[in-house]
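Okay, structure first, notes after.
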There are 2 protein chains.
Amino acid sequence: MTTHLHPLDRASSLEQNSDGLWYGHTQPDYDNMVGPFGGVTSAVILNAALKHADRLGDPVSLTVNFAGPIEDGPFTIAAKAVRTNRSTQHWSMTLFQHDGQIATTASAVFAIRRETWQSTELTFPKRQPALSLPRANTSKAPEWTRRYDMRPIKGLMIDGQQPTQEPDAITEFWIQDDPPRPLDFVSLTAICDSFVPRIFVRRMGRFPAGTISLTTHFHVDTASLNSQGANHVLGFARASTFGLGYHDQSAEIWSAQQQLLATTHQIVYYKA
Amino acid sequence: MTTHLHPLDRASSLEQNSDGLWYGHTQPDYDNMVGPFGGVTSAVILNAALKHADRLGDPVSLTVNFAGPIEDGPFTIAAKAVRTNRSTQHWSMTLFQHDGQIATTASAVFAIRRETWQSTELTFPKRQPALSLPRANTSKAPEWTRRYDMRPIKGLMIDGQQPTQEPDAITEFWIQDDPPRPLDFVSLTAICDSFVPRIFVRRMGRFPAGTISLTTHFHVDTASLNSQGANHVLGFARASTFGLGYHDQSAEIWSAQQQLLATTHQIVYYKA
């Protein structure tokens with residue numbers, strides 16, 4: 001039994017078999033409308049590289065392509081370091097289920113990170129502290145939303161609140177795992193996909209929509225992530241353009257200490 | 001002989017062998033400081049899917065990981081449609097050379113695009129028309145820069161001009177293939193990587209730097225691209241953050257008719 005584990009650790013749990021493949025299982029804790037929450041799929045596929053004996057350094061970039069639906073139940077991840085250099089390593093991953101058809105593909109770049117000149121060009125979006133804002137009521141939203149303590153600032157669109165301002169494609173919130181869990185690359189990856197499709201926000205409604213490709217750039221190393229603890233992080237998401245059945249989304253994840261932890265960019269299928 | 005071809009068509013030219021693999025050759029026309037210009041590597045790897053008999057629809061998303069150096073000479077690309085759905089198709093590509101070691105990996109999502117509700121959220125950066133600005137002198141820059149007619153507005157950093165304003169990480173220019181060539185997914189992909197590393201602009205100098213992962217989101221279909229002709233397009237690039245040996249770059253490519261053609265996001269290794 002693994003019931004003492006945090007739900008995210010249960011959902012991202014993997015066992016390596018003698019064939020080198022990783023075996024996992026979807027968890028109802030992170031159910032989405034159909035299949036599992038994509039953020040957790042991204043997290044578990046990254047975890048196959050993170051946990052791998054061959055792994056070098058920390059993740060710098062991750063791209064996950066959602067090629068087909070994932071059914072509730074067991075899944076298998078093949079993860080391979082396709083090239084290892086002195087300080088960088090390139091990974092290729094695929095997730096499949098009993099039918100053998102590939103459901104998810106991914107690639108990642110890992111690197112040994114070293115101190116260099118540094119500067120953040122974006123301005124931290126100063127907002128009211130998380131704990132001064134009410135928690136979103138996600139009782140009518142998919143199950144995964146209840147694995148997070150979300151404190152909406154604008155455009156959450158999963159709490160039954162209708163926006164009062166002119167529609168734009170922007171969401172801002174504070175978010176924290178519930179129960180609280182110290183931030184790591186697994187949870188940060190999942191949080192990067194915790195925004196609703198931008199079409200919901202821009203058009204103030206529900207539409208058929210789903211992420212098809214998700215890229216995340218990590219701007220912190222393990223040491224810096226470890227210092228974050230289990231505090232809320234600030235999420236800011238927007239879109240560049242909607243058209244021809246697809247829209248993009250770019251998002252920033254900031255610590256309360258104004259550190260840019262990750263930026264993430266995705267392409268989303270929609271009907272509207 | 002293929003000397004009548006446009007240099008970009010020569011550099012992205014591929015022949016499929018009976019083994020299903022694609023064979024190409026680097027071209028000195030697009031030499032960078034070391035190895036070929038990454039934009040052309042992205043373009044040729046996308047071309048292996050574009051030219052493939054199995055291809056469905058237009059590219060929506062492309063991620064290219066630069067895993068190792070490419071030597072001048074022949075290369076081979078393996079391109080596979082790992083999953084084909086009703087209206088989307090997921091591709092996996094690898095580029096390798098005579099030593100068999102993988103130099104570049106890529107994934108792409110293709111889709112049959114259909115008219116939907118549409119809106120562009122970003123504001124077109126209105127600038128002086130391309131032809132009213134002087135062409136950059138790239139005579140001292142790498143060879144590939146002379147395959148483009150670049151009309152710098154700000155922060156080009158390959159024309160010997162020193163910026164006169166406070167340093168930021170922003171580049172703006174008009175760019176066109178030279179000789180002019182009607183825009184398509186191949187040339188648009190290459191143009192998406194035609195900005196210098198942001199560290200050059202932010203620190204106003206030269207540093208060891210190179211793209212390690214490049215994601216491009218395409219916001220147009222073939223019909224719309226065909227209507228662009230060979231006109232200059234407007235490029236706008238910035239960075240979110242620099243630190244721990246890597247910085248990101250996000251860029252927009254716009255037509256002169258204010259259409260957002262592509263957005264692109266990359267992670268760049270640097271020493272500074």
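Lettering and numbering for the structure tokens are positional, with chains as A, B, ... in the shown order, residues counted from 1 in each chain, and ligands counted from 1 in the shown order.
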Item checked: Within 9 Å of region 20-29 of chain B using only C-alpha atoms, minus same-chain residues under 4 positions, as a list in words ->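 Contacts, in chain order: Pro7, Leu8, Arg10, Ala11, Ser12, Ser13, Leu14, Glu15, Gln16, Gly35, Pro36, Thr41, Val44, Ala48, Ile70, Glu71, Asp72, Gly73, Pro74, Phe75, Thr76, Ile77, Ala78, Ala79, Glu143, Trp144, Arg146 and Arg147 of chain B.
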Note to self: as a list in words, please: the residues near Ala239 (chain A) (cut-off 9 Å, only C-alpha atoms, same-chain neighbours under 3 positions excluded).
What the structure shows: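 Listing them by chain and then by number gives Asp168, Ala169, Ile170, Arg198, Ile199, Arg202, Phe242, His247, Asp248, Gln249, Ser250 and Ala251 of chain A; Thr120, Glu121 and Leu122 of chain B.
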Once you have the residues from the selection above, write them out as a compact mmCIF listing (two decimals), in the first residue's frame, restricted to all heavy atoms.
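This went into again_17.txt:
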```
# COMPACT_ATOMS: atom_id res chain seq x y z
N ASP A 168 -10.45 39.13 -21.79
CA ASP A 168 -9.15 38.98 -22.42
C ASP A 168 -8.75 37.52 -22.21
O ASP A 168 -9.59 36.72 -21.78
CB ASP A 168 -8.11 39.97 -21.89
CG ASP A 168 -7.87 39.83 -20.41
OD1 ASP A 168 -8.09 38.74 -19.86
OD2 ASP A 168 -7.45 40.81 -19.77
N ALA A 169 -7.54 37.16 -22.52
CA ALA A 169 -7.17 35.74 -22.44
C ALA A 169 -6.24 35.48 -21.26
O ALA A 169 -5.48 34.53 -21.25
CB ALA A 169 -6.51 35.32 -23.75
N ILE A 170 -6.34 36.34 -20.22
CA ILE A 170 -5.37 36.29 -19.13
C ILE A 170 -5.92 35.62 -17.87
O ILE A 170 -7.04 35.91 -17.46
CB ILE A 170 -4.87 37.72 -18.82
CG1 ILE A 170 -4.11 38.25 -20.04
CG2 ILE A 170 -4.01 37.75 -17.56
CD1 ILE A 170 -3.73 39.71 -19.95
N ARG A 198 -7.06 28.75 -22.86
CA ARG A 198 -7.30 30.21 -22.98
C ARG A 198 -8.65 30.54 -23.63
O ARG A 198 -9.22 31.60 -23.36
CB ARG A 198 -6.18 30.88 -23.78
CG ARG A 198 -4.74 30.80 -23.21
CD ARG A 198 -4.59 31.50 -21.88
NE ARG A 198 -4.95 30.58 -20.82
CZ ARG A 198 -5.34 30.99 -19.60
NH1 ARG A 198 -5.40 32.26 -19.31
NH2 ARG A 198 -5.66 30.11 -18.67
N ILE A 199 -9.17 29.63 -24.46
CA ILE A 199 -10.45 29.90 -25.12
C ILE A 199 -11.57 30.04 -24.08
O ILE A 199 -12.50 30.84 -24.27
CB ILE A 199 -10.77 28.82 -26.19
CG1 ILE A 199 -11.98 29.20 -27.05
CG2 ILE A 199 -10.97 27.44 -25.56
CD1 ILE A 199 -11.72 30.28 -28.05
N ARG A 202 -11.04 33.70 -22.76
CA ARG A 202 -11.27 34.75 -23.77
C ARG A 202 -12.72 34.84 -24.19
O ARG A 202 -13.24 35.91 -24.43
CB ARG A 202 -10.37 34.46 -24.98
CG ARG A 202 -10.45 35.46 -26.11
CD ARG A 202 -9.98 36.85 -25.70
NE ARG A 202 -10.05 37.76 -26.83
CZ ARG A 202 -11.19 38.30 -27.29
NH1 ARG A 202 -12.34 38.04 -26.69
NH2 ARG A 202 -11.14 39.12 -28.32
N PHE A 242 -5.61 33.08 -31.49
CA PHE A 242 -6.58 32.00 -31.68
C PHE A 242 -6.93 31.96 -33.17
O PHE A 242 -7.22 33.01 -33.76
CB PHE A 242 -7.88 32.32 -30.94
CG PHE A 242 -7.77 32.50 -29.45
CD1 PHE A 242 -7.32 33.70 -28.90
CD2 PHE A 242 -8.16 31.48 -28.59
CE1 PHE A 242 -7.25 33.86 -27.52
CE2 PHE A 242 -8.10 31.65 -27.21
CZ PHE A 242 -7.63 32.84 -26.67
N HIS A 247 -5.08 27.47 -30.54
CA HIS A 247 -4.55 28.70 -29.94
C HIS A 247 -3.33 28.35 -29.12
O HIS A 247 -3.13 27.20 -28.72
CB HIS A 247 -5.60 29.43 -29.10
CG HIS A 247 -6.05 28.73 -27.84
ND1 HIS A 247 -5.26 28.68 -26.71
CD2 HIS A 247 -7.19 28.09 -27.53
CE1 HIS A 247 -5.93 28.04 -25.75
NE2 HIS A 247 -7.09 27.66 -26.21
N ASP A 248 -2.49 29.33 -28.87
CA ASP A 248 -1.33 29.09 -28.04
C ASP A 248 -1.60 29.56 -26.62
O ASP A 248 -2.67 30.12 -26.32
CB ASP A 248 -0.07 29.75 -28.63
CG ASP A 248 -0.10 31.26 -28.55
OD1 ASP A 248 -1.19 31.83 -28.35
OD2 ASP A 248 0.96 31.89 -28.71
N GLN A 249 -0.69 29.30 -25.75
CA GLN A 249 -0.73 29.81 -24.38
C GLN A 249 0.71 29.94 -23.91
O GLN A 249 1.50 29.01 -24.07
CB GLN A 249 -1.47 28.87 -23.44
CG GLN A 249 -1.38 29.29 -21.96
CD GLN A 249 -2.04 28.30 -21.03
OE1 GLN A 249 -3.25 28.11 -21.06
NE2 GLN A 249 -1.24 27.64 -20.20
N SER A 250 1.05 31.08 -23.34
CA SER A 250 2.35 31.26 -22.69
C SER A 250 2.09 31.59 -21.24
O SER A 250 1.18 32.36 -20.93
CB SER A 250 3.14 32.39 -23.34
OG SER A 250 3.66 31.97 -24.58
N ALA A 251 2.86 30.99 -20.36
CA ALA A 251 2.64 31.23 -18.93
C ALA A 251 3.96 31.37 -18.20
O ALA A 251 4.99 30.86 -18.64
CB ALA A 251 1.82 30.10 -18.31
N THR B 120 -6.47 37.74 -32.49
CA THR B 120 -5.07 37.87 -32.09
C THR B 120 -4.99 38.81 -30.90
O THR B 120 -5.52 39.93 -30.94
CB THR B 120 -4.21 38.35 -33.27
OG1 THR B 120 -4.22 37.33 -34.26
CG2 THR B 120 -2.77 38.61 -32.85
N GLU B 121 -4.38 38.32 -29.83
CA GLU B 121 -4.34 39.05 -28.55
C GLU B 121 -3.17 40.01 -28.47
O GLU B 121 -3.21 41.00 -27.74
CB GLU B 121 -4.27 38.06 -27.38
CG GLU B 121 -5.39 37.02 -27.38
CD GLU B 121 -6.76 37.66 -27.29
OE1 GLU B 121 -7.02 38.34 -26.29
OE2 GLU B 121 -7.57 37.48 -28.23
N LEU B 122 -2.09 39.68 -29.16
CA LEU B 122 -0.93 40.56 -29.15
C LEU B 122 -1.17 41.72 -30.10
O LEU B 122 -1.91 41.61 -31.08
CB LEU B 122 0.32 39.80 -29.62
CG LEU B 122 0.75 38.61 -28.77
CD1 LEU B 122 2.00 37.97 -29.36
CD2 LEU B 122 1.00 39.02 -27.32
```
Enumerate, in order of chain and increasing residue number, the residues of chain A with an atom no farther than 8 Å from chain B, each with its shortest atom pair and distance in Å to one decimal, counting only C-alpha atoms, as a tab-separated table.
```
residue	atom	partner	partner_atom	distance
A:Val60	CA	B:Ile267	CA	7.9
A:Ser61	CA	B:Ser213	CA	7.1
A:Thr63	CA	B:Thr63	CA	7.4
A:Asn65	CA	B:His90	CA	7.7
A:Ala67	CA	B:His90	CA	6.2
A:Gly68	CA	B:Asn85	CA	7.8
A:Val82	CA	B:Ile102	CA	7.0
A:Arg83	CA	B:Ala67	CA	6.5
A:Asn85	CA	B:Gly68	CA	7.8
A:Gln89	CA	B:Ala67	CA	7.6
A:His90	CA	B:Ala67	CA	6.2
A:Gln101	CA	B:Arg83	CA	7.8
A:Ile102	CA	B:Arg83	CA	6.8
A:Val109	CA	B:Ser213	CA	7.6
A:Arg113	CA	B:Leu244	CA	5.3
A:Arg114	CA	B:Leu244	CA	4.9
A:Glu115	CA	B:Leu244	CA	4.7
A:Thr116	CA	B:Leu244	CA	5.3
A:Trp117	CA	B:Ala272	CA	5.6
A:Gln118	CA	B:Gly243	CA	4.3
A:Ser119	CA	B:Phe242	CA	5.1
A:Thr120	CA	B:Thr241	CA	4.1
A:Glu121	CA	B:Ser240	CA	5.1
A:Leu122	CA	B:Ser240	CA	5.3
A:Asp168	CA	B:Glu121	CA	7.8
A:Ala169	CA	B:Glu121	CA	7.5
A:Ile212	CA	B:Val109	CA	7.8
A:Ser213	CA	B:Ser61	CA	7.1
A:Thr215	CA	B:Thr215	CA	7.5
A:His217	CA	B:Ile267	CA	7.1
A:His219	CA	B:Gly243	CA	7.1
A:Val220	CA	B:Leu244	CA	7.6
A:Asp221	CA	B:Leu244	CA	7.9
A:Ala239	CA	B:Glu121	CA	6.4
A:Ser240	CA	B:Glu121	CA	5.1
A:Thr241	CA	B:Thr120	CA	4.1
A:Phe242	CA	B:Gln118	CA	4.9
A:Gly243	CA	B:Gln118	CA	4.3
A:Leu244	CA	B:Glu115	CA	4.7
A:Gly245	CA	B:Thr116	CA	5.6
A:Tyr246	CA	B:His219	CA	7.9
A:His247	CA	B:His219	CA	8.0
A:Asp248	CA	B:His217	CA	7.6
A:Leu260	CA	B:Thr241	CA	7.6
A:His265	CA	B:His265	CA	7.7
A:Ile267	CA	B:His217	CA	7.1
A:Lys271	CA	B:Thr116	CA	6.8
A:Ala272	CA	B:Trp117	CA	5.6
```
Next item on the list: In Å, rounded to a single decimal, give me how far CA of Pro142 (chain A) is from CA of Gln161 (chain A).
Entry: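 Computing the Euclidean distance for CA of Gln161 (chain A) and CA of Pro142 (chain A) yields 15.5 Å.
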Next item on the list: Can you work out the spacing between CA of Ala43 (chain A) and CA of Arg55 (chain A) in Å, to one decimal?
Entry: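 So the two atoms, CA of Ala43 (chain A) and CA of Arg55 (chain A), lie 15.8 Å apart.
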Check: So which residues of region 40-230 of chain B fall under strand (DSSP E) by DSSP, listed as an MDAnalysis selection string?
Finding: chainID B and resid 58:66 74:84 88:96 102:111 119:120 148:154 171:177 209:218
Serialized selection, C-alpha atoms, as a compact mmCIF listing (two decimals), in the first residue's frame:
```
# COMPACT_ATOMS: atom_id res chain seq x y z
CA ASP B 58 0.05 21.50 -41.94
CA PRO B 59 2.58 21.84 -39.13
CA VAL B 60 1.16 23.36 -35.96
CA SER B 61 4.06 22.78 -33.57
CA LEU B 62 7.73 21.85 -33.99
CA THR B 63 10.35 21.21 -31.32
CA VAL B 64 13.98 20.73 -32.33
CA ASN B 65 16.65 19.70 -29.82
CA PHE B 66 20.23 20.40 -30.82
CA PRO B 74 25.98 14.45 -45.65
CA PHE B 75 23.37 13.70 -43.01
CA THR B 76 20.46 11.31 -42.64
CA ILE B 77 17.03 12.01 -41.18
CA ALA B 78 14.67 9.33 -39.88
CA ALA B 79 11.11 10.70 -39.74
CA LYS B 80 8.18 8.69 -38.45
CA ALA B 81 4.48 9.46 -37.98
CA VAL B 82 4.18 7.90 -34.54
CA ARG B 83 0.44 8.46 -34.36
CA THR B 84 -2.17 9.61 -36.87
CA THR B 88 -3.86 15.49 -36.15
CA GLN B 89 -0.61 13.66 -36.67
CA HIS B 90 2.41 13.34 -34.37
CA TRP B 91 5.91 13.06 -35.81
CA SER B 92 9.27 12.06 -34.40
CA MET B 93 12.49 12.84 -36.23
CA THR B 94 16.21 12.25 -35.66
CA LEU B 95 19.17 13.55 -37.64
CA PHE B 96 22.46 11.66 -37.60
CA ILE B 102 22.23 11.42 -32.99
CA ALA B 103 22.98 15.11 -33.60
CA THR B 104 19.42 16.49 -33.58
CA THR B 105 16.06 15.22 -32.39
CA ALA B 106 12.69 16.73 -33.20
CA SER B 107 8.98 16.26 -32.80
CA ALA B 108 6.17 17.90 -34.70
CA VAL B 109 2.41 18.03 -34.61
CA PHE B 110 0.59 18.39 -37.92
CA ALA B 111 -3.12 19.09 -38.26
CA SER B 119 -8.61 36.62 -32.49
CA THR B 120 -5.07 37.87 -32.09
CA TYR B 148 18.86 37.25 -45.68
CA ASP B 149 17.98 40.85 -46.36
CA MET B 150 17.75 42.17 -42.80
CA ARG B 151 16.46 45.66 -42.03
CA PRO B 152 17.27 46.26 -38.36
CA ILE B 153 15.04 48.37 -36.17
CA LYS B 154 16.71 47.53 -32.88
CA THR B 171 15.68 42.61 -31.22
CA GLU B 172 13.34 43.93 -33.91
CA PHE B 173 13.95 43.62 -37.63
CA TRP B 174 12.40 43.03 -41.01
CA ILE B 175 13.78 39.94 -42.70
CA GLN B 176 13.46 38.41 -46.16
CA ASP B 177 15.23 35.53 -47.89
CA ALA B 209 26.23 30.62 -26.84
CA GLY B 210 24.03 28.19 -28.73
CA THR B 211 20.41 27.11 -28.94
CA ILE B 212 19.76 23.75 -27.33
CA SER B 213 15.98 23.46 -27.71
CA LEU B 214 13.72 25.37 -30.11
CA THR B 215 9.94 25.19 -30.24
CA THR B 216 7.90 26.90 -32.96
CA HIS B 217 4.13 27.32 -33.05
CA PHE B 218 2.67 28.02 -36.48
```
Next item on the list: For Gln257 (chain A), work out the shell of residues within 12 Å, counting only C-alpha atoms and skipping chain neighbours fewer than 4 positions away, then give it as a ChimeraX atom specification.
Entry: /A:124-127,129,224-225,227-229,231-234,253,261
Take the residues from that selection and put them in a file with C-alpha atoms, as a PDB file, in the first residue's frame.
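So selection.pdb came out as:
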```pdb
ATOM      1  CA  PHE A 124       7.305  40.331 -11.377  1.00  0.00           C
ATOM      2  CA  PRO A 125       3.529  40.836 -11.439  1.00  0.00           C
ATOM      3  CA  LYS A 126       3.120  42.191  -7.896  1.00  0.00           C
ATOM      4  CA  ARG A 127      -0.171  40.937  -6.517  1.00  0.00           C
ATOM      5  CA  PRO A 129      -0.333  37.763  -1.117  1.00  0.00           C
ATOM      6  CA  SER A 224      16.972  26.751  -5.732  1.00  0.00           C
ATOM      7  CA  LEU A 225      13.756  24.735  -6.020  1.00  0.00           C
ATOM      8  CA  SER A 227      14.496  26.510  -1.043  1.00  0.00           C
ATOM      9  CA  GLN A 228      10.928  27.237  -2.217  1.00  0.00           C
ATOM     10  CA  GLY A 229       9.291  24.939   0.297  1.00  0.00           C
ATOM     11  CA  ASN A 231       4.490  27.893  -0.556  1.00  0.00           C
ATOM     12  CA  HIS A 232       2.020  29.090  -3.162  1.00  0.00           C
ATOM     13  CA  VAL A 233       3.492  30.108  -6.517  1.00  0.00           C
ATOM     14  CA  LEU A 234       2.085  32.786  -8.800  1.00  0.00           C
ATOM     15  CA  ILE A 253       5.395  30.659 -12.796  1.00  0.00           C
ATOM     16  CA  LEU A 261      10.788  29.495 -11.783  1.00  0.00           C
TER      17      LEU A 261
END
```
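CA of Gln128 (chain B) is positioned 23.9 Å from CA of Met204 (chain B).
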Next item on the list: Within region 152-198 of chain A, find each residue whose DSSP state, derived from the backbone, is helix (DSSP H, G or I), and express the selection as a PyMOL selection string.
Entry: chain A and resi 185-191+198
